[in-house]
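Chemist: Sharing final-v8.cif here; it has mmCIF, C-alpha atoms and all ligand atoms.
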data_run
loop_
_atom_site.group_PDB
_atom_site.id
_atom_site.type_symbol
_atom_site.label_atom_id
_atom_site.label_comp_id
_atom_site.auth_asym_id
_atom_site.auth_seq_id
_atom_site.Cartn_x
_atom_site.Cartn_y
_atom_site.Cartn_z
ATOM 1 C CA MET A 1 194.137 44.604 -209.361
ATOM 2 C CA GLY A 2 197.675 46.081 -209.477
ATOM 3 C CA GLY A 3 200.459 45.981 -206.933
ATOM 4 C CA GLN A 4 200.626 42.218 -206.640
ATOM 5 C CA THR A 5 203.231 40.799 -204.337
ATOM 6 C CA ASP A 6 204.229 37.286 -203.416
ATOM 7 C CA ASN A 7 202.065 37.626 -200.358
ATOM 8 C CA ASP A 8 198.835 37.978 -202.279
ATOM 9 C CA ILE A 9 196.202 35.654 -200.948
ATOM 10 C CA ILE A 10 194.335 33.728 -203.606
ATOM 11 C CA ILE A 11 192.221 31.441 -201.408
ATOM 12 C CA GLU A 12 191.271 31.836 -197.797
ATOM 13 C CA LEU A 13 189.512 29.470 -195.421
ATOM 14 C CA ARG A 14 188.130 31.101 -192.304
ATOM 15 C CA GLN A 15 187.003 29.048 -189.324
ATOM 16 C CA LEU A 16 186.027 26.267 -191.699
ATOM 17 C CA SER A 17 184.096 23.435 -190.056
ATOM 18 C CA LYS A 18 182.736 20.274 -191.613
ATOM 19 C CA ARG A 19 181.209 17.235 -190.022
ATOM 20 C CA PHE A 20 179.547 14.110 -191.339
ATOM 21 C CA GLY A 21 177.012 13.022 -188.743
ATOM 22 C CA SER A 22 178.921 12.946 -185.468
ATOM 23 C CA LEU A 23 182.322 12.821 -187.198
ATOM 24 C CA VAL A 24 184.028 16.213 -187.027
ATOM 25 C CA VAL A 25 186.407 16.380 -190.000
ATOM 26 C CA LEU A 26 187.346 20.077 -190.135
ATOM 27 C CA ASP A 27 187.250 22.054 -186.922
ATOM 28 C CA LYS A 28 187.338 25.864 -187.273
ATOM 29 C CA LEU A 29 190.281 25.643 -189.607
ATOM 30 C CA ASP A 30 192.012 28.793 -190.860
ATOM 31 C CA LEU A 31 194.252 28.730 -193.924
ATOM 32 C CA ALA A 32 195.331 31.392 -196.403
ATOM 33 C CA LEU A 33 196.957 30.286 -199.660
ATOM 34 C CA GLN A 34 199.396 32.541 -201.438
ATOM 35 C CA LYS A 35 199.351 33.217 -205.135
ATOM 36 C CA GLY A 36 202.007 31.479 -207.177
ATOM 37 C CA MET A 37 202.949 29.072 -204.420
ATOM 38 C CA THR A 38 202.602 25.320 -204.188
ATOM 39 C CA THR A 39 201.026 24.447 -200.860
ATOM 40 C CA VAL A 40 201.127 20.791 -199.870
ATOM 41 C CA VAL A 41 198.587 19.376 -197.422
ATOM 42 C CA ILE A 42 199.756 16.282 -195.551
ATOM 43 C CA GLY A 43 198.107 14.154 -192.895
ATOM 44 C CA GLU A 44 197.076 10.618 -192.106
ATOM 45 C CA SER A 45 194.517 8.752 -194.188
ATOM 46 C CA GLY A 46 190.984 9.762 -193.321
ATOM 47 C CA THR A 47 192.087 12.999 -191.709
ATOM 48 C CA GLY A 48 190.129 15.254 -194.079
ATOM 49 C CA LYS A 49 192.582 16.248 -196.806
ATOM 50 C CA SER A 50 190.222 15.477 -199.677
ATOM 51 C CA VAL A 51 187.348 17.092 -197.792
ATOM 52 C CA LEU A 52 189.464 20.232 -197.389
ATOM 53 C CA LEU A 53 190.342 20.277 -201.089
ATOM 54 C CA LYS A 54 186.709 19.927 -202.154
ATOM 55 C CA HIS A 55 185.771 22.981 -200.087
ATOM 56 C CA LEU A 56 188.158 25.120 -202.151
ATOM 57 C CA VAL A 57 185.813 24.761 -205.122
ATOM 58 C CA ALA A 58 182.584 24.325 -203.141
ATOM 59 C CA LEU A 59 182.162 20.691 -204.144
ATOM 60 C CA LEU A 60 181.416 20.354 -200.444
ATOM 61 C CA ARG A 61 179.740 23.062 -198.371
ATOM 62 C CA PRO A 62 180.916 23.880 -194.858
ATOM 63 C CA ASP A 63 178.778 23.594 -191.729
ATOM 64 C CA GLY A 64 180.511 26.672 -190.414
ATOM 65 C CA GLY A 65 183.015 29.234 -191.610
ATOM 66 C CA GLU A 66 183.718 30.657 -195.038
ATOM 67 C CA VAL A 67 185.750 30.142 -198.198
ATOM 68 C CA TYR A 68 187.075 33.108 -200.183
ATOM 69 C CA PHE A 69 188.558 33.131 -203.696
ATOM 70 C CA HIS A 70 190.272 36.426 -204.589
ATOM 71 C CA GLY A 71 188.471 37.954 -201.629
ATOM 72 C CA ARG A 72 185.031 36.898 -202.833
ATOM 73 C CA ARG A 73 183.028 34.563 -200.673
ATOM 74 C CA ILE A 74 182.230 31.398 -202.661
ATOM 75 C CA ASP A 75 180.996 28.752 -200.210
ATOM 76 C CA ASN A 76 177.463 30.125 -200.398
ATOM 77 C CA LEU A 77 177.244 30.605 -204.175
ATOM 78 C CA GLY A 78 174.764 28.696 -206.284
ATOM 79 C CA GLU A 79 175.891 26.030 -208.735
ATOM 80 C CA ARG A 80 175.466 28.359 -211.717
ATOM 81 C CA GLU A 81 177.634 31.096 -210.218
ATOM 82 C CA LEU A 82 180.190 28.464 -209.283
ATOM 83 C CA VAL A 83 180.709 27.470 -212.908
ATOM 84 C CA ASP A 84 182.775 30.626 -213.461
ATOM 85 C CA VAL A 85 184.739 30.060 -210.263
ATOM 86 C CA ARG A 86 185.475 26.397 -210.980
ATOM 87 C CA ARG A 87 186.577 27.210 -214.528
ATOM 88 C CA ARG A 88 189.547 29.015 -212.989
ATOM 89 C CA PHE A 89 190.632 25.816 -211.260
ATOM 90 C CA GLY A 90 192.197 22.702 -212.712
ATOM 91 C CA MET A 91 191.439 19.593 -210.717
ATOM 92 C CA LEU A 92 193.334 16.356 -210.684
ATOM 93 C CA PHE A 93 191.207 14.333 -208.308
ATOM 94 C CA GLN A 94 191.588 10.737 -207.192
ATOM 95 C CA LEU A 95 188.453 9.637 -208.964
ATOM 96 C CA GLY A 96 188.881 12.002 -211.889
ATOM 97 C CA ALA A 97 189.156 9.131 -214.322
ATOM 98 C CA LEU A 98 189.322 9.599 -218.055
ATOM 99 C CA PHE A 99 186.377 8.758 -220.265
ATOM 100 C CA ASP A 100 187.246 5.334 -221.669
ATOM 101 C CA SER A 101 185.112 5.765 -224.774
ATOM 102 C CA MET A 102 186.902 8.959 -225.817
ATOM 103 C CA THR A 103 190.355 9.309 -227.326
ATOM 104 C CA VAL A 104 193.118 11.053 -225.398
ATOM 105 C CA GLU A 105 192.591 14.136 -227.548
ATOM 106 C CA GLU A 106 188.853 14.185 -226.866
ATOM 107 C CA ASN A 107 189.464 13.747 -223.153
ATOM 108 C CA VAL A 108 191.865 16.706 -223.029
ATOM 109 C CA GLY A 109 189.568 18.807 -225.217
ATOM 110 C CA PHE A 110 186.462 17.945 -223.221
ATOM 111 C CA PRO A 111 186.505 21.002 -220.882
ATOM 112 C CA LEU A 112 186.990 23.223 -223.941
ATOM 113 C CA THR A 113 184.117 21.590 -225.802
ATOM 114 C CA GLU A 114 181.942 22.133 -222.737
ATOM 115 C CA HIS A 115 183.087 25.557 -221.570
ATOM 116 C CA SER A 116 184.526 27.521 -224.471
ATOM 117 C CA ASP A 117 183.680 28.819 -227.921
ATOM 118 C CA TYR A 118 186.747 27.368 -229.610
ATOM 119 C CA THR A 119 186.272 25.608 -232.933
ATOM 120 C CA PRO A 120 187.015 21.870 -233.150
ATOM 121 C CA GLU A 121 190.272 22.709 -234.976
ATOM 122 C CA GLU A 122 191.345 25.119 -232.245
ATOM 123 C CA ILE A 123 190.482 22.544 -229.604
ATOM 124 C CA LYS A 124 192.722 19.999 -231.331
ATOM 125 C CA ASP A 125 195.558 22.508 -231.345
ATOM 126 C CA ILE A 126 195.125 23.309 -227.668
ATOM 127 C CA ALA A 127 194.911 19.607 -226.782
ATOM 128 C CA ALA A 128 198.156 19.001 -228.697
ATOM 129 C CA GLN A 129 199.821 21.886 -226.896
ATOM 130 C CA LYS A 130 198.741 20.618 -223.444
ATOM 131 C CA LEU A 131 199.751 17.056 -224.295
ATOM 132 C CA LYS A 132 203.149 18.351 -225.352
ATOM 133 C CA LEU A 133 203.481 20.113 -222.008
ATOM 134 C CA VAL A 134 202.975 16.810 -220.164
ATOM 135 C CA GLY A 135 205.257 14.956 -222.588
ATOM 136 C CA LEU A 136 202.553 12.994 -224.395
ATOM 137 C CA ASP A 137 202.227 14.682 -227.762
ATOM 138 C CA GLY A 138 201.514 11.991 -230.351
ATOM 139 C CA LEU A 139 199.169 9.905 -228.191
ATOM 140 C CA GLN A 140 196.121 11.908 -229.328
ATOM 141 C CA HIS A 141 194.307 9.016 -230.977
ATOM 142 C CA ARG A 142 194.847 6.360 -228.327
ATOM 143 C CA HIS A 143 192.116 5.377 -225.905
ATOM 144 C CA PRO A 144 192.741 5.314 -222.126
ATOM 145 C CA GLY A 145 192.780 1.507 -222.246
ATOM 146 C CA GLU A 146 195.809 1.664 -224.529
ATOM 147 C CA ILE A 147 198.107 3.748 -222.308
ATOM 148 C CA SER A 148 199.843 3.149 -218.956
ATOM 149 C CA GLY A 149 198.673 4.307 -215.513
ATOM 150 C CA GLY A 150 201.304 7.039 -215.375
ATOM 151 C CA GLN A 151 200.318 8.250 -218.833
ATOM 152 C CA LYS A 152 196.654 8.356 -217.785
ATOM 153 C CA LYS A 153 197.537 10.654 -214.903
ATOM 154 C CA ARG A 154 199.399 12.905 -217.319
ATOM 155 C CA VAL A 155 196.441 12.964 -219.715
ATOM 156 C CA ALA A 156 194.203 13.883 -216.774
ATOM 157 C CA LEU A 157 196.655 16.644 -215.929
ATOM 158 C CA ALA A 158 196.617 17.917 -219.532
ATOM 159 C CA ARG A 159 192.824 17.970 -219.279
ATOM 160 C CA ALA A 160 192.985 19.789 -215.928
ATOM 161 C CA ILE A 161 195.019 22.607 -217.477
ATOM 162 C CA ALA A 162 193.078 22.806 -220.745
ATOM 163 C CA LEU A 163 191.332 26.025 -219.698
ATOM 164 C CA ASN A 164 194.543 27.669 -218.416
ATOM 165 C CA PRO A 165 193.554 27.585 -214.751
ATOM 166 C CA GLU A 166 194.954 29.952 -212.146
ATOM 167 C CA VAL A 167 194.933 27.250 -209.500
ATOM 168 C CA VAL A 168 195.550 23.530 -209.869
ATOM 169 C CA LEU A 169 194.313 21.142 -207.174
ATOM 170 C CA TYR A 170 195.987 17.760 -206.965
ATOM 171 C CA ASP A 171 194.574 14.978 -204.810
ATOM 172 C CA GLU A 172 197.191 12.260 -204.201
ATOM 173 C CA PRO A 173 198.712 12.710 -207.667
ATOM 174 C CA THR A 174 201.443 10.095 -207.121
ATOM 175 C CA THR A 175 199.403 7.424 -205.365
ATOM 176 C CA GLY A 176 199.654 4.075 -207.114
ATOM 177 C CA LEU A 177 202.688 5.081 -209.180
ATOM 178 C CA ASP A 178 206.184 3.642 -208.803
ATOM 179 C CA PRO A 179 208.956 6.038 -207.666
ATOM 180 C CA VAL A 180 210.107 6.914 -211.173
ATOM 181 C CA ARG A 181 206.605 7.612 -212.475
ATOM 182 C CA SER A 182 205.855 9.543 -209.282
ATOM 183 C CA ASP A 183 208.864 11.697 -209.959
ATOM 184 C CA VAL A 184 207.625 12.419 -213.485
ATOM 185 C CA ILE A 185 204.437 13.789 -211.901
ATOM 186 C CA ASN A 186 206.453 15.807 -209.373
ATOM 187 C CA GLU A 187 208.518 17.306 -212.189
ATOM 188 C CA LEU A 188 205.318 18.190 -214.044
ATOM 189 C CA ILE A 189 203.883 19.920 -210.989
ATOM 190 C CA LEU A 190 207.056 22.023 -210.822
ATOM 191 C CA LYS A 191 206.995 22.658 -214.564
ATOM 192 C CA LEU A 192 203.381 23.855 -214.537
ATOM 193 C CA LYS A 193 204.156 26.178 -211.677
ATOM 194 C CA HIS A 194 207.035 27.754 -213.566
ATOM 195 C CA GLU A 195 205.693 27.721 -217.118
ATOM 196 C CA LEU A 196 202.039 28.499 -216.474
ATOM 197 C CA ASP A 197 202.529 30.496 -213.297
ATOM 198 C CA VAL A 198 199.818 28.565 -211.479
ATOM 199 C CA SER A 199 199.147 28.383 -207.775
ATOM 200 C CA SER A 200 198.778 24.803 -206.603
ATOM 201 C CA VAL A 201 197.439 22.816 -203.720
ATOM 202 C CA VAL A 202 198.749 19.263 -203.509
ATOM 203 C CA VAL A 203 197.215 16.765 -201.120
ATOM 204 C CA THR A 204 199.533 13.837 -200.503
ATOM 205 C CA HIS A 205 200.904 11.424 -197.965
ATOM 206 C CA ASP A 206 203.995 10.929 -200.109
ATOM 207 C CA MET A 207 206.705 12.880 -198.253
ATOM 208 C CA THR A 208 209.182 12.591 -201.145
ATOM 209 C CA SER A 209 206.651 14.378 -203.310
ATOM 210 C CA ALA A 210 205.797 16.902 -200.564
ATOM 211 C CA PHE A 211 209.454 17.821 -200.102
ATOM 212 C CA LYS A 212 210.062 18.096 -203.824
ATOM 213 C CA VAL A 213 207.099 20.221 -204.905
ATOM 214 C CA GLY A 214 206.122 22.109 -201.747
ATOM 215 C CA ASP A 215 206.996 25.735 -201.141
ATOM 216 C CA ARG A 216 204.949 25.366 -198.003
ATOM 217 C CA ILE A 217 203.636 22.255 -196.268
ATOM 218 C CA VAL A 218 200.685 22.262 -193.872
ATOM 219 C CA MET A 219 199.838 19.271 -191.750
ATOM 220 C CA LEU A 220 196.218 18.456 -190.994
ATOM 221 C CA HIS A 221 195.427 16.604 -187.770
ATOM 222 C CA HIS A 222 192.121 16.289 -185.905
ATOM 223 C CA GLY A 223 190.459 18.952 -188.023
ATOM 224 C CA LYS A 224 193.124 21.609 -187.655
ATOM 225 C CA ILE A 225 196.424 22.689 -189.158
ATOM 226 C CA ILE A 226 198.981 21.597 -186.560
ATOM 227 C CA ALA A 227 202.170 22.416 -188.469
ATOM 228 C CA ASP A 228 202.945 24.932 -191.190
ATOM 229 C CA GLY A 229 206.316 25.560 -192.749
ATOM 230 C CA THR A 230 208.858 24.943 -195.469
ATOM 231 C CA PRO A 231 210.177 21.468 -196.320
ATOM 232 C CA GLU A 232 213.239 22.384 -194.250
ATOM 233 C CA PHE A 233 211.012 22.979 -191.219
ATOM 234 C CA TYR A 234 209.565 19.462 -191.539
ATOM 235 C CA LYS A 235 212.985 17.891 -191.938
ATOM 236 C CA THR A 236 214.150 19.413 -188.658
ATOM 237 C CA SER A 237 210.950 19.738 -186.563
ATOM 238 C CA ASP A 238 210.967 17.851 -183.277
ATOM 239 C CA ASP A 239 207.178 17.944 -182.842
ATOM 240 C CA PRO A 240 206.419 14.243 -182.216
ATOM 241 C CA ARG A 241 203.253 14.323 -184.366
ATOM 242 C CA VAL A 242 205.240 15.736 -187.274
ATOM 243 C CA ARG A 243 208.164 13.334 -186.806
ATOM 244 C CA ARG A 244 205.886 10.332 -186.577
ATOM 245 C CA PHE A 245 204.187 11.186 -189.861
ATOM 246 C CA VAL A 246 207.211 12.441 -191.772
ATOM 247 C CA ASP A 247 209.417 9.527 -190.733
ATOM 248 C CA GLY A 248 206.586 7.021 -191.158
ATOM 249 C CA LYS A 249 207.228 5.434 -187.774
ATOM 250 C CA ALA A 250 204.504 3.738 -185.742
ATOM 251 C CA ASP A 251 204.447 4.817 -182.102
ATOM 252 C CA ALA A 252 203.281 2.944 -178.977
ATOM 253 C CA ARG A 253 199.673 3.930 -179.587
ATOM 254 C CA ASP A 254 199.737 2.589 -183.152
ATOM 255 C CA LEU A 255 201.174 -0.701 -181.940
ATOM 256 C CA ALA A 256 198.555 -0.935 -179.182
ATOM 257 C CA ALA A 257 195.835 -0.359 -181.794
ATOM 258 C CA LEU A 258 197.341 -3.170 -183.848
ATOM 259 C CA ASP A 259 197.093 -5.511 -180.843
ATOM 260 C CA ASP A 260 193.427 -4.563 -180.502
ATOM 261 C CA VAL A 261 192.801 -5.582 -184.093
ATOM 262 C CA GLU A 262 194.649 -8.861 -183.718
ATOM 263 C CA ASN A 263 192.991 -9.884 -180.469
HETATM 264 N N1 LIG B 301 180.688 12.492 -198.374
HETATM 265 C C1 LIG B 301 181.025 11.955 -197.203
HETATM 266 N N2 LIG B 301 180.101 11.447 -196.370
HETATM 267 C C2 LIG B 301 180.439 10.927 -195.170
HETATM 268 N N3 LIG B 301 181.702 10.876 -194.716
HETATM 269 C C3 LIG B 301 182.669 11.360 -195.497
HETATM 270 C C4 LIG B 301 182.388 11.929 -196.778
HETATM 271 N N4 LIG B 301 183.546 12.332 -197.327
HETATM 272 C C5 LIG B 301 184.515 12.038 -196.438
HETATM 273 N N5 LIG B 301 183.995 11.466 -195.335
HETATM 274 C C6 LIG B 301 184.753 11.047 -194.154
HETATM 275 O O1 LIG B 301 185.520 12.150 -193.722
HETATM 276 C C7 LIG B 301 186.792 11.721 -193.278
HETATM 277 C C8 LIG B 301 187.868 12.438 -194.058
HETATM 278 O O2 LIG B 301 187.848 11.952 -195.381
HETATM 279 P P1 LIG B 301 188.911 12.390 -196.476
HETATM 280 O O3 LIG B 301 188.962 13.857 -196.590
HETATM 281 O O4 LIG B 301 188.557 11.648 -197.709
HETATM 282 O O5 LIG B 301 190.280 11.854 -195.857
HETATM 283 P P2 LIG B 301 191.747 11.903 -196.513
HETATM 284 O O6 LIG B 301 192.577 12.729 -195.582
HETATM 285 O O7 LIG B 301 192.217 10.475 -196.529
HETATM 286 O O8 LIG B 301 191.618 12.486 -197.869
HETATM 287 C C9 LIG B 301 186.821 10.208 -193.434
HETATM 288 O O9 LIG B 301 186.495 9.631 -192.186
HETATM 289 C C10 LIG B 301 185.755 9.955 -194.455
HETATM 290 O O10 LIG B 301 185.184 8.676 -194.271
HETATM 291 MG MG MG B 302 191.871 11.707 -199.712
#
Would you give me this structure, written as structure tokens?
Ligand SMILES: Nc1ncnc2c1ncn2[C@@H]1O[C@H](COP(=O)(O)OP(=O)(O)O)[C@@H](O)[C@H]1O
Ligand SMILES: [Mg+2]

Modeler:
Amino acid sequence: MGGQTDNDIIIELRQLSKRFGSLVVLDKLDLALQKGMTTVVIGESGTGKSVLLKHLVALLRPDGGEVYFHGRRIDNLGERELVDVRRRFGMLFQLGALFDSMTVEENVGFPLTEHSDYTPEEIKDIAAQKLKLVGLDGLQHRHPGEISGGQKKRVALARAIALNPEVVLYDEPTTGLDPVRSDVINELILKLKHELDVSSVVVTHDMTSAFKVGDRIVMLHHGKIIADGTPEFYKTSDDPRVRRFVDGKADARDLAALDDVEN
């Protein structure tokens, strides 16, 4: 490749559209993600953040537009060709639960057992190394039922990075965690960026997390990116849609909708 700069684009969405029946979720959305950066996607519940994330690895296919990874179009690839693409991603998805019947070590080693030629001994070593990275070395022989919710997320993260991905996708990584455990996850996202040199996309509605981990924050609203900037931009923006979301304040329309529900 050669001549890489901070501006290198790793993933690009061009005019991406996705609808479910009559519900338009993504509407000719354009977004280019830079290598080495952590891009945070914010937006209200049900606005299409998870749908957007799934398009990055072709878990969903667009109705219009294209997805490029390192300049190669991927949205139209077959499942077999996608195996090699997806292997370069680590995914920490909302429903990416651990296998309860497997130990922590087996869970972390699972992608390696499936997708690599490592020996069982090597897989144990790699699992130990990844668990150490997320601060859980020593829990190898526990089962998911024997560890806390925050620890489960960290095990899932260790599993997500087992194959040394170039890109890590996080879907609401701090949801359901208390502020201290959320901050542990935020610190890990920063650590993985610096130690493994990964590019990341973090979907969240947790602004504390967005401000802490984001190099760039994009806000999704009605199928499009309506704001795009640094955390500082969001702290000072006077766009009412941004303020309303970032400050978590209901406006007159929200209150009217509440009346509708109550009446
Ligand atoms: N597989 C699907 N089939 C039908 N509707 C879906 C599907 N996935 C998501 N949706 C709908 O698309 C919208 C966006 O969903 P989602 O991306 O999950 O929102 P969020 O921003 O909360 O992550 C929601 O209205 C959701 O119900
Ligand atoms: Mg979601």

Chemist: Would you list the contacts of Gly145 (chain A) as a list in words, taking every protein, DNA or RNA residue within 12 Å and counting all atoms listed in the file, but skipping same-chain residues closer than 3 positions in sequence?

Modeler: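 Listing them by chain and then by number gives Ala97, Leu98, Phe99, Asp100, Ser101, Met102, Thr103, Val104, His141, Arg142, Ser148, Gly149, Gln151 and Lys152 of chain A.
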
Chemist: Write a file of the just-selected residues containing C-alpha atoms, as a compact mmCIF listing (two decimals), in the frame of the given file.

Modeler:
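Contents of result_28.txt, freshly written:
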# COMPACT_ATOMS: atom_id res chain seq x y z
CA ALA A 97 189.16 9.13 -214.32
CA LEU A 98 189.32 9.60 -218.06
CA PHE A 99 186.38 8.76 -220.26
CA ASP A 100 187.25 5.33 -221.67
CA SER A 101 185.11 5.76 -224.77
CA MET A 102 186.90 8.96 -225.82
CA THR A 103 190.36 9.31 -227.33
CA VAL A 104 193.12 11.05 -225.40
CA HIS A 141 194.31 9.02 -230.98
CA ARG A 142 194.85 6.36 -228.33
CA SER A 148 199.84 3.15 -218.96
CA GLY A 149 198.67 4.31 -215.51
CA GLN A 151 200.32 8.25 -218.83
CA LYS A 152 196.65 8.36 -217.78

Chemist: Work out how far apart CA of Arg244 (chain A) and atom P2 of ligand LIG 301 (chain B) are and give it in Å to one decimal.

Modeler: 17.4 Å

Chemist: Using the chain letters and numbering of this document, enumerate as a list in words the residues selected by the PyMOL selection byres (((not hetatm)) within 6 of (chain B and resi 301)).

Modeler: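 What the PyMOL selection byres (((not hetatm)) within 6 of (chain B and resi 301)) grabs from the file is Phe20, Val25, Ser45, Gly46, Thr47, Gly48, Lys49, Ser50 and Val51 of chain A.
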
Chemist: Which residue out of A:Arg241, A:Lys224, A:Glu232, A:Gln140 has the minimum interatomic distance to Val24 (chain A) when all atoms listed in the file are used?

Modeler: A:Lys224

Chemist: Please write as a ChimeraX atom specification the full residue list that the PyMOL selection byres (((chain A and resi 105) around 10) and not hetatm) yields on this file.

Modeler: /A:102-104,106-110,123-128,130-131,137-143,155,158-159

Chemist: Selected residues, C-alpha atoms, written as a PDB file, in the coordinates of the input, please.

Modeler:
ATOM      1  CA  MET A 102     186.902   8.959-225.817  1.00  0.00           C
ATOM      2  CA  THR A 103     190.355   9.309-227.326  1.00  0.00           C
ATOM      3  CA  VAL A 104     193.118  11.053-225.398  1.00  0.00           C
ATOM      4  CA  GLU A 106     188.853  14.185-226.866  1.00  0.00           C
ATOM      5  CA  ASN A 107     189.464  13.747-223.153  1.00  0.00           C
ATOM      6  CA  VAL A 108     191.865  16.706-223.029  1.00  0.00           C
ATOM      7  CA  GLY A 109     189.568  18.807-225.217  1.00  0.00           C
ATOM      8  CA  PHE A 110     186.462  17.945-223.221  1.00  0.00           C
ATOM      9  CA  ILE A 123     190.482  22.544-229.604  1.00  0.00           C
ATOM     10  CA  LYS A 124     192.722  19.999-231.331  1.00  0.00           C
ATOM     11  CA  ASP A 125     195.558  22.508-231.345  1.00  0.00           C
ATOM     12  CA  ILE A 126     195.125  23.309-227.668  1.00  0.00           C
ATOM     13  CA  ALA A 127     194.911  19.607-226.782  1.00  0.00           C
ATOM     14  CA  ALA A 128     198.156  19.001-228.697  1.00  0.00           C
ATOM     15  CA  LYS A 130     198.741  20.618-223.444  1.00  0.00           C
ATOM     16  CA  LEU A 131     199.751  17.056-224.295  1.00  0.00           C
ATOM     17  CA  ASP A 137     202.227  14.682-227.762  1.00  0.00           C
ATOM     18  CA  GLY A 138     201.514  11.991-230.351  1.00  0.00           C
ATOM     19  CA  LEU A 139     199.169   9.905-228.191  1.00  0.00           C
ATOM     20  CA  GLN A 140     196.121  11.908-229.328  1.00  0.00           C
ATOM     21  CA  HIS A 141     194.307   9.016-230.977  1.00  0.00           C
ATOM     22  CA  ARG A 142     194.847   6.360-228.327  1.00  0.00           C
ATOM     23  CA  HIS A 143     192.116   5.377-225.905  1.00  0.00           C
ATOM     24  CA  VAL A 155     196.441  12.964-219.715  1.00  0.00           C
ATOM     25  CA  ALA A 158     196.617  17.917-219.532  1.00  0.00           C
ATOM     26  CA  ARG A 159     192.824  17.970-219.279  1.00  0.00           C
TER      27      ARG A 159
END

Chemist: Regenerate region 35-47 of chain A at the level of N, CA and C atoms and dump it as a PDB file, in the coordinates of the input.

Modeler:
ATOM      1  N   LYS A  35     199.292  33.303-203.677  1.00  0.00           N
ATOM      2  CA  LYS A  35     199.351  33.217-205.135  1.00  0.00           C
ATOM      3  C   LYS A  35     200.745  32.784-205.597  1.00  0.00           C
ATOM      4  N   GLY A  36     200.749  31.900-206.574  1.00  0.00           N
ATOM      5  CA  GLY A  36     202.007  31.479-207.177  1.00  0.00           C
ATOM      6  C   GLY A  36     202.752  30.405-206.410  1.00  0.00           C
ATOM      7  N   MET A  37     202.253  30.063-205.234  1.00  0.00           N
ATOM      8  CA  MET A  37     202.949  29.072-204.420  1.00  0.00           C
ATOM      9  C   MET A  37     202.322  27.692-204.548  1.00  0.00           C
ATOM     10  N   THR A  38     203.122  26.677-204.284  1.00  0.00           N
ATOM     11  CA  THR A  38     202.602  25.320-204.188  1.00  0.00           C
ATOM     12  C   THR A  38     202.497  24.972-202.710  1.00  0.00           C
ATOM     13  N   THR A  39     201.273  24.809-202.253  1.00  0.00           N
ATOM     14  CA  THR A  39     201.026  24.447-200.860  1.00  0.00           C
ATOM     15  C   THR A  39     200.673  22.972-200.815  1.00  0.00           C
ATOM     16  N   VAL A  40     201.390  22.225-200.000  1.00  0.00           N
ATOM     17  CA  VAL A  40     201.127  20.791-199.870  1.00  0.00           C
ATOM     18  C   VAL A  40     200.385  20.559-198.558  1.00  0.00           C
ATOM     19  N   VAL A  41     199.338  19.742-198.621  1.00  0.00           N
ATOM     20  CA  VAL A  41     198.587  19.376-197.422  1.00  0.00           C
ATOM     21  C   VAL A  41     198.889  17.909-197.116  1.00  0.00           C
ATOM     22  N   ILE A  42     199.464  17.661-195.942  1.00  0.00           N
ATOM     23  CA  ILE A  42     199.756  16.282-195.551  1.00  0.00           C
ATOM     24  C   ILE A  42     198.908  15.915-194.334  1.00  0.00           C
ATOM     25  N   GLY A  43     198.860  14.640-194.054  1.00  0.00           N
ATOM     26  CA  GLY A  43     198.107  14.154-192.895  1.00  0.00           C
ATOM     27  C   GLY A  43     197.731  12.706-193.121  1.00  0.00           C
ATOM     28  N   GLU A  44     197.405  12.039-192.032  1.00  0.00           N
ATOM     29  CA  GLU A  44     197.076  10.618-192.106  1.00  0.00           C
ATOM     30  C   GLU A  44     195.849  10.369-192.979  1.00  0.00           C
ATOM     31  N   SER A  45     195.700   9.134-193.422  1.00  0.00           N
ATOM     32  CA  SER A  45     194.517   8.752-194.188  1.00  0.00           C
ATOM     33  C   SER A  45     193.267   9.025-193.361  1.00  0.00           C
ATOM     34  N   GLY A  46     192.251   9.528-193.999  1.00  0.00           N
ATOM     35  CA  GLY A  46     190.984   9.762-193.321  1.00  0.00           C
ATOM     36  C   GLY A  46     190.965  10.999-192.453  1.00  0.00           C
ATOM     37  N   THR A  47     191.994  11.835-192.583  1.00  0.00           N
ATOM     38  CA  THR A  47     192.087  12.999-191.709  1.00  0.00           C
ATOM     39  C   THR A  47     191.347  14.218-192.269  1.00  0.00           C
TER      40      THR A  47
END
